[in-house]
>>> print(open('start-v1.cif').read())   # mmCIF, C-alpha atoms
data_work
loop_
_atom_site.group_PDB
_atom_site.id
_atom_site.type_symbol
_atom_site.label_atom_id
_atom_site.label_comp_id
_atom_site.auth_asym_id
_atom_site.auth_seq_id
_atom_site.Cartn_x
_atom_site.Cartn_y
_atom_site.Cartn_z
ATOM 1 C CA MET A 1 0.000 0.000 0.000
ATOM 2 C CA GLY A 2 1.552 3.302 -1.067
ATOM 3 C CA SER A 3 1.439 6.532 0.850
ATOM 4 C CA SER A 4 0.252 9.798 -0.612
ATOM 5 C CA SER A 5 2.147 13.024 -0.318
ATOM 6 C CA SER A 6 0.743 15.935 1.629
ATOM 7 C CA ASN A 7 0.169 17.779 -1.659
ATOM 8 C CA GLU A 8 -1.925 14.895 -2.991
ATOM 9 C CA THR A 9 -3.873 14.806 0.263
ATOM 10 C CA ALA A 10 -4.414 18.558 0.127
ATOM 11 C CA ARG A 11 -5.774 18.263 -3.413
ATOM 12 C CA SER A 12 -8.074 15.353 -2.592
ATOM 13 C CA HIS A 13 -10.893 17.682 -1.588
ATOM 14 C CA PRO A 14 -12.266 20.778 -3.285
ATOM 15 C CA PRO A 15 -11.606 24.182 -1.721
ATOM 16 C CA THR A 16 -14.280 25.606 0.561
ATOM 17 C CA SER A 17 -16.624 27.870 -1.367
ATOM 18 C CA LEU A 18 -16.709 31.491 -0.190
ATOM 19 C CA ARG A 19 -19.653 33.765 -0.988
ATOM 20 C CA ALA A 20 -19.270 37.412 0.070
ATOM 21 C CA GLN A 21 -21.989 38.898 2.274
ATOM 22 C CA ASN A 22 -19.844 42.052 2.450
ATOM 23 C CA PRO A 23 -16.062 42.668 2.177
ATOM 24 C CA GLU A 24 -15.452 41.139 5.635
ATOM 25 C CA VAL A 25 -18.148 38.464 5.942
ATOM 26 C CA TYR A 26 -18.349 35.295 3.856
ATOM 27 C CA TYR A 27 -20.680 32.301 3.783
ATOM 28 C CA SER A 28 -20.208 28.897 2.194
ATOM 29 C CA ASP A 29 -22.727 27.156 -0.046
ATOM 30 C CA ASP A 30 -21.146 23.772 0.688
ATOM 31 C CA ALA A 31 -23.464 21.154 2.205
ATOM 32 C CA ILE A 32 -20.727 20.291 4.708
ATOM 33 C CA VAL A 33 -18.611 23.338 5.489
ATOM 34 C CA THR A 34 -14.960 22.574 6.110
ATOM 35 C CA ALA A 35 -11.838 24.643 6.639
ATOM 36 C CA ASP A 36 -8.180 23.855 6.071
ATOM 37 C CA ASP A 37 -4.882 25.700 5.730
ATOM 38 C CA ALA A 38 -5.931 27.098 2.344
ATOM 39 C CA THR A 39 -9.199 28.427 3.799
ATOM 40 C CA ILE A 40 -7.364 30.202 6.621
ATOM 41 C CA ALA A 41 -4.793 31.605 4.160
ATOM 42 C CA GLU A 42 -7.613 32.982 1.996
ATOM 43 C CA LEU A 43 -9.321 34.561 5.034
ATOM 44 C CA LYS A 44 -5.985 36.191 5.966
ATOM 45 C CA ARG A 45 -5.611 37.511 2.418
ATOM 46 C CA ILE A 46 -9.134 38.953 2.571
ATOM 47 C CA ALA A 47 -8.512 40.485 6.018
ATOM 48 C CA ALA A 48 -5.232 42.076 4.879
ATOM 49 C CA GLY A 49 -7.164 43.860 2.124
ATOM 50 C CA ASN A 50 -9.884 45.256 4.389
ATOM 51 C CA PRO A 51 -9.630 48.597 6.200
ATOM 52 C CA ARG A 52 -10.579 46.942 9.534
ATOM 53 C CA LEU A 53 -8.064 44.076 8.944
ATOM 54 C CA ARG A 54 -10.528 41.279 9.628
ATOM 55 C CA SER A 55 -12.597 38.631 7.886
ATOM 56 C CA ARG A 56 -14.901 35.774 8.819
ATOM 57 C CA LEU A 57 -16.347 32.633 7.342
ATOM 58 C CA CYS A 58 -19.845 32.050 8.684
ATOM 59 C CA THR A 59 -20.419 28.311 8.669
ATOM 60 C CA HIS A 60 -24.132 28.688 9.443
ATOM 61 C CA PRO A 61 -26.387 29.031 6.369
ATOM 62 C CA ASP A 62 -27.476 32.659 6.765
ATOM 63 C CA PRO A 63 -27.921 35.557 9.246
ATOM 64 C CA ALA A 64 -31.347 34.230 10.318
ATOM 65 C CA SER A 65 -29.875 30.942 11.614
ATOM 66 C CA GLY A 66 -30.487 30.154 15.267
ATOM 67 C CA LEU A 67 -26.883 29.085 15.864
ATOM 68 C CA HIS A 68 -23.998 31.144 14.507
ATOM 69 C CA GLU A 69 -20.586 29.507 14.095
ATOM 70 C CA MET A 70 -17.764 31.491 12.536
ATOM 71 C CA LEU A 71 -14.086 31.184 11.718
ATOM 72 C CA ILE A 72 -12.745 34.676 12.345
ATOM 73 C CA VAL A 73 -9.390 36.143 11.338
ATOM 74 C CA HIS A 74 -7.996 39.389 12.773
ATOM 75 C CA HIS A 75 -4.666 41.024 12.060
ATOM 76 C CA ARG A 76 -2.660 42.372 15.007
ATOM 77 C CA GLU A 77 -3.699 45.938 14.105
ATOM 78 C CA ALA A 78 -7.446 45.155 14.078
ATOM 79 C CA TYR A 79 -9.378 47.093 16.710
ATOM 80 C CA VAL A 80 -11.956 45.068 18.594
ATOM 81 C CA ARG A 81 -14.145 47.675 20.239
ATOM 82 C CA PRO A 82 -15.211 46.681 23.748
ATOM 83 C CA HIS A 83 -18.740 45.321 23.621
ATOM 84 C CA LYS A 84 -21.225 43.088 25.385
ATOM 85 C CA HIS A 85 -23.944 40.833 24.056
ATOM 86 C CA LEU A 86 -27.546 41.119 25.174
ATOM 87 C CA GLY A 87 -29.496 37.894 25.513
ATOM 88 C CA LYS A 88 -26.772 35.659 24.109
ATOM 89 C CA PRO A 89 -23.505 34.158 25.344
ATOM 90 C CA GLU A 90 -20.551 33.459 23.063
ATOM 91 C CA SER A 91 -17.808 30.881 22.989
ATOM 92 C CA PHE A 92 -14.332 31.489 21.626
ATOM 93 C CA HIS A 93 -11.745 28.859 20.685
ATOM 94 C CA VAL A 94 -8.275 29.900 19.480
ATOM 95 C CA ILE A 95 -6.971 28.093 16.410
ATOM 96 C CA GLU A 96 -3.857 30.172 15.690
ATOM 97 C CA GLY A 97 -2.118 33.128 17.319
ATOM 98 C CA THR A 98 -2.211 34.722 20.744
ATOM 99 C CA ALA A 99 -4.289 37.431 22.370
ATOM 100 C CA GLN A 100 -5.369 38.962 25.621
ATOM 101 C CA VAL A 101 -9.124 38.956 26.128
ATOM 102 C CA VAL A 102 -9.822 41.917 28.393
ATOM 103 C CA ILE A 103 -12.952 41.726 30.533
ATOM 104 C CA PHE A 104 -14.265 45.042 31.830
ATOM 105 C CA GLU A 105 -16.506 46.298 34.572
ATOM 106 C CA ASP A 106 -19.404 48.393 33.278
ATOM 107 C CA ASP A 107 -17.433 51.584 34.044
ATOM 108 C CA GLY A 108 -14.425 50.512 31.932
ATOM 109 C CA ARG A 109 -12.114 49.284 34.700
ATOM 110 C CA ILE A 110 -10.407 45.985 33.922
ATOM 111 C CA ARG A 111 -11.981 43.063 35.762
ATOM 112 C CA ASP A 112 -9.794 40.327 34.300
ATOM 113 C CA VAL A 113 -7.402 39.489 31.458
ATOM 114 C CA LEU A 114 -7.365 36.066 29.821
ATOM 115 C CA GLU A 115 -4.175 35.138 28.007
ATOM 116 C CA MET A 116 -5.305 33.085 25.023
ATOM 117 C CA GLY A 117 -3.468 30.800 22.615
ATOM 118 C CA PRO A 118 -3.950 27.504 20.812
ATOM 119 C CA TYR A 119 -3.976 24.259 22.760
ATOM 120 C CA GLY A 120 -0.510 23.161 23.823
ATOM 121 C CA GLN A 121 0.945 26.604 24.543
ATOM 122 C CA GLY A 122 0.021 26.694 28.224
ATOM 123 C CA LYS A 123 -2.541 29.473 27.772
ATOM 124 C CA ARG A 124 -6.294 29.324 27.760
ATOM 125 C CA CYS A 125 -7.502 28.103 24.368
ATOM 126 C CA TYR A 126 -11.255 28.451 25.032
ATOM 127 C CA TYR A 127 -13.779 30.544 26.894
ATOM 128 C CA ARG A 128 -17.536 30.843 27.135
ATOM 129 C CA MET A 129 -18.601 34.409 27.892
ATOM 130 C CA PRO A 130 -22.004 35.012 29.487
ATOM 131 C CA GLU A 131 -24.211 37.772 28.189
ATOM 132 C CA LYS A 132 -23.874 41.362 29.436
ATOM 133 C CA VAL A 133 -20.093 41.286 30.062
ATOM 134 C CA PHE A 134 -17.990 43.952 28.345
ATOM 135 C CA HIS A 135 -14.952 42.435 26.655
ATOM 136 C CA SER A 136 -12.393 43.147 23.959
ATOM 137 C CA ILE A 137 -9.407 41.468 22.320
ATOM 138 C CA LEU A 138 -5.816 42.730 22.244
ATOM 139 C CA ILE A 139 -4.017 40.665 19.601
ATOM 140 C CA THR A 140 -0.421 39.815 20.521
ATOM 141 C CA SER A 141 0.596 37.858 17.377
ATOM 142 C CA GLU A 142 0.564 38.886 13.722
ATOM 143 C CA TRP A 143 -2.705 36.987 13.138
ATOM 144 C CA LEU A 144 -5.407 35.661 15.422
ATOM 145 C CA VAL A 145 -7.641 32.900 14.048
ATOM 146 C CA PHE A 146 -10.519 31.723 16.219
ATOM 147 C CA HIS A 147 -13.797 29.849 16.142
ATOM 148 C CA GLU A 148 -16.701 31.741 17.696
ATOM 149 C CA THR A 149 -20.178 30.434 18.430
ATOM 150 C CA THR A 150 -23.185 32.464 19.531
ATOM 151 C CA ALA A 151 -26.964 32.522 19.287
ATOM 152 C CA GLY A 152 -28.700 33.901 16.231
ATOM 153 C CA PRO A 153 -30.412 35.349 14.406
ATOM 154 C CA PHE A 154 -28.026 38.230 13.712
ATOM 155 C CA ASP A 155 -29.395 41.421 15.238
ATOM 156 C CA PRO A 156 -26.971 44.345 15.705
ATOM 157 C CA SER A 157 -29.154 45.730 18.514
ATOM 158 C CA ARG A 158 -28.105 42.699 20.635
ATOM 159 C CA THR A 159 -24.563 44.109 20.905
ATOM 160 C CA ALA A 160 -23.952 47.121 23.161
ATOM 161 C CA PHE A 161 -20.892 49.380 23.060
ATOM 162 C CA PRO A 162 -19.711 51.526 25.995
ATOM 163 C CA ASP A 163 -19.171 55.276 25.805
ATOM 164 C CA TRP A 164 -15.731 54.922 27.493
ATOM 165 C CA ALA A 165 -14.063 53.346 24.427
ATOM 166 C CA PRO A 166 -13.619 54.896 20.960
ATOM 167 C CA ASP A 167 -15.942 53.774 18.177
ATOM 168 C CA GLY A 168 -13.085 53.209 15.739
ATOM 169 C CA SER A 169 -13.584 56.249 13.519
ATOM 170 C CA ASP A 170 -10.606 58.197 14.969
ATOM 171 C CA VAL A 171 -7.366 56.277 14.355
ATOM 172 C CA ALA A 172 -5.350 58.297 16.877
ATOM 173 C CA ALA A 173 -7.983 57.813 19.599
ATOM 174 C CA VAL A 174 -8.033 54.057 18.911
ATOM 175 C CA GLN A 175 -4.229 53.794 19.066
ATOM 176 C CA ASP A 176 -4.146 55.740 22.336
ATOM 177 C CA TYR A 177 -6.934 53.606 23.832
ATOM 178 C CA VAL A 178 -5.343 50.300 22.747
ATOM 179 C CA THR A 179 -1.928 51.371 24.096
ATOM 180 C CA ARG A 180 -3.414 52.426 27.451
ATOM 181 C CA THR A 181 -5.528 49.275 27.706
ATOM 182 C CA GLY A 182 -2.514 47.104 26.822
ATOM 183 C CA THR A 183 -0.473 48.729 29.596
ATOM 184 C CA LEU A 184 -3.289 48.243 32.121
ATOM 185 C CA ALA A 185 -3.780 44.627 31.001
ATOM 186 C CA THR A 186 -0.052 43.927 31.496
ATOM 187 C CA GLU A 187 -0.180 45.499 34.961
ATOM 188 C CA HIS A 188 -3.274 43.425 35.797
ATOM 189 C CA LEU A 189 -1.544 40.212 34.718
ATOM 190 C CA ALA A 190 1.558 41.085 36.783
ATOM 191 C CA LYS A 191 -0.624 41.245 39.923
ATOM 192 C CA LYS A 192 -2.110 37.778 39.398
#
>>> encode(input="start-v1.cif", output="structure tokens")
Amino acid sequence: MGSSSSNETARSHPPTSLRAQNPEVYYSDDAIVTADDATIAELKRIAAGNPRLRSRLCTHPDPASGLHEMLIVHHREAYVRPHKHLGKPESFHVIEGTAQVVIFEDDGRIRDVLEMGPYGQGKRCYYRMPEKVFHSILITSEWLVFHETTAGPFDPSRTAFPDWAPDGSDVAAVQDYVTRTGTLATEHLAKK
């Protein structure tokens, strides 16, 4: 019995189909949605070409689905505005890269910092966040690739943003906020 090379194995299945919902959000029309190295590389390429430096493959059929599962790619420079979800928890599983998930009190003070990385690196690789908890992500590697699951259907009114963090429209304000939050997160971790 002969063995096949990794290139033959990689070519033994068709690439995952990607259908753009918008420049950052893609769906697949495949009956069974899969992802491999080529899928992640394509999501990184898409993210690198977007102003917000992010992309996602929604593996659920459409925004009205009751369960939303997504492969999400963020570049280190992507700003994840602090937010909380209303009426829905989320789970987060790191596939590639490292990050600090910052959990805030309602007034913007840091409650906790979770150092995240893929399994085998000695960091947390998974969390489940309850609803109504402000959180954000500080990416500490060039790319962060993660699997996120939450309840649908998609409704932007189920995500709340605080007034103590910039909305992302002012680049200088975002850089200042991220730098300050990174310093506070490091100080918080040093006290643990």
>>> closest_residue(input="start-v1.cif", among="A:Gly117, A:Pro153, A:Gly108, A:Pro15", to="A:Leu184", atoms="all atoms listed in the file")
A:Gly108
>>> residues_around(input="start-v1.cif", residues="A:Thr59", least_positions_apart="2", cutoff="7 Å", atoms="all atoms listed in the file", output="list in words")
Tyr27, Ser28, Val33, Leu57, Pro61, Glu69 and Met70 of chain A
>>> closest_residue(input="start-v1.cif", among="A:Gly87, A:Pro166, A:Gly97, A:Pro118", to="A:Glu131", atoms="only C-alpha atoms")
A:Gly87
>>> resolve_selection(input="start-v1.cif", expression="the PyMOL selection byres ((chain A and resi 75) around 7)", output="PDB file with C-alpha atoms, keeping the file's coordinate frame")
ATOM      1  CA  LEU A  53      -8.064  44.076   8.944  1.00  0.00           C
ATOM      2  CA  ARG A  54     -10.528  41.279   9.628  1.00  0.00           C
ATOM      3  CA  VAL A  73      -9.390  36.143  11.338  1.00  0.00           C
ATOM      4  CA  HIS A  74      -7.996  39.389  12.773  1.00  0.00           C
ATOM      5  CA  ARG A  76      -2.660  42.372  15.007  1.00  0.00           C
ATOM      6  CA  GLU A  77      -3.699  45.938  14.105  1.00  0.00           C
ATOM      7  CA  ALA A  78      -7.446  45.155  14.078  1.00  0.00           C
ATOM      8  CA  GLU A 142       0.564  38.886  13.722  1.00  0.00           C
ATOM      9  CA  TRP A 143      -2.705  36.987  13.138  1.00  0.00           C
ATOM     10  CA  LEU A 144      -5.407  35.661  15.422  1.00  0.00           C
TER      11      LEU A 144
END
>>> atom_distance(input="start-v1.cif", atom1="atom CA of A:Gly152", atom2="atom CA of A:Thr140")
29.2 Å
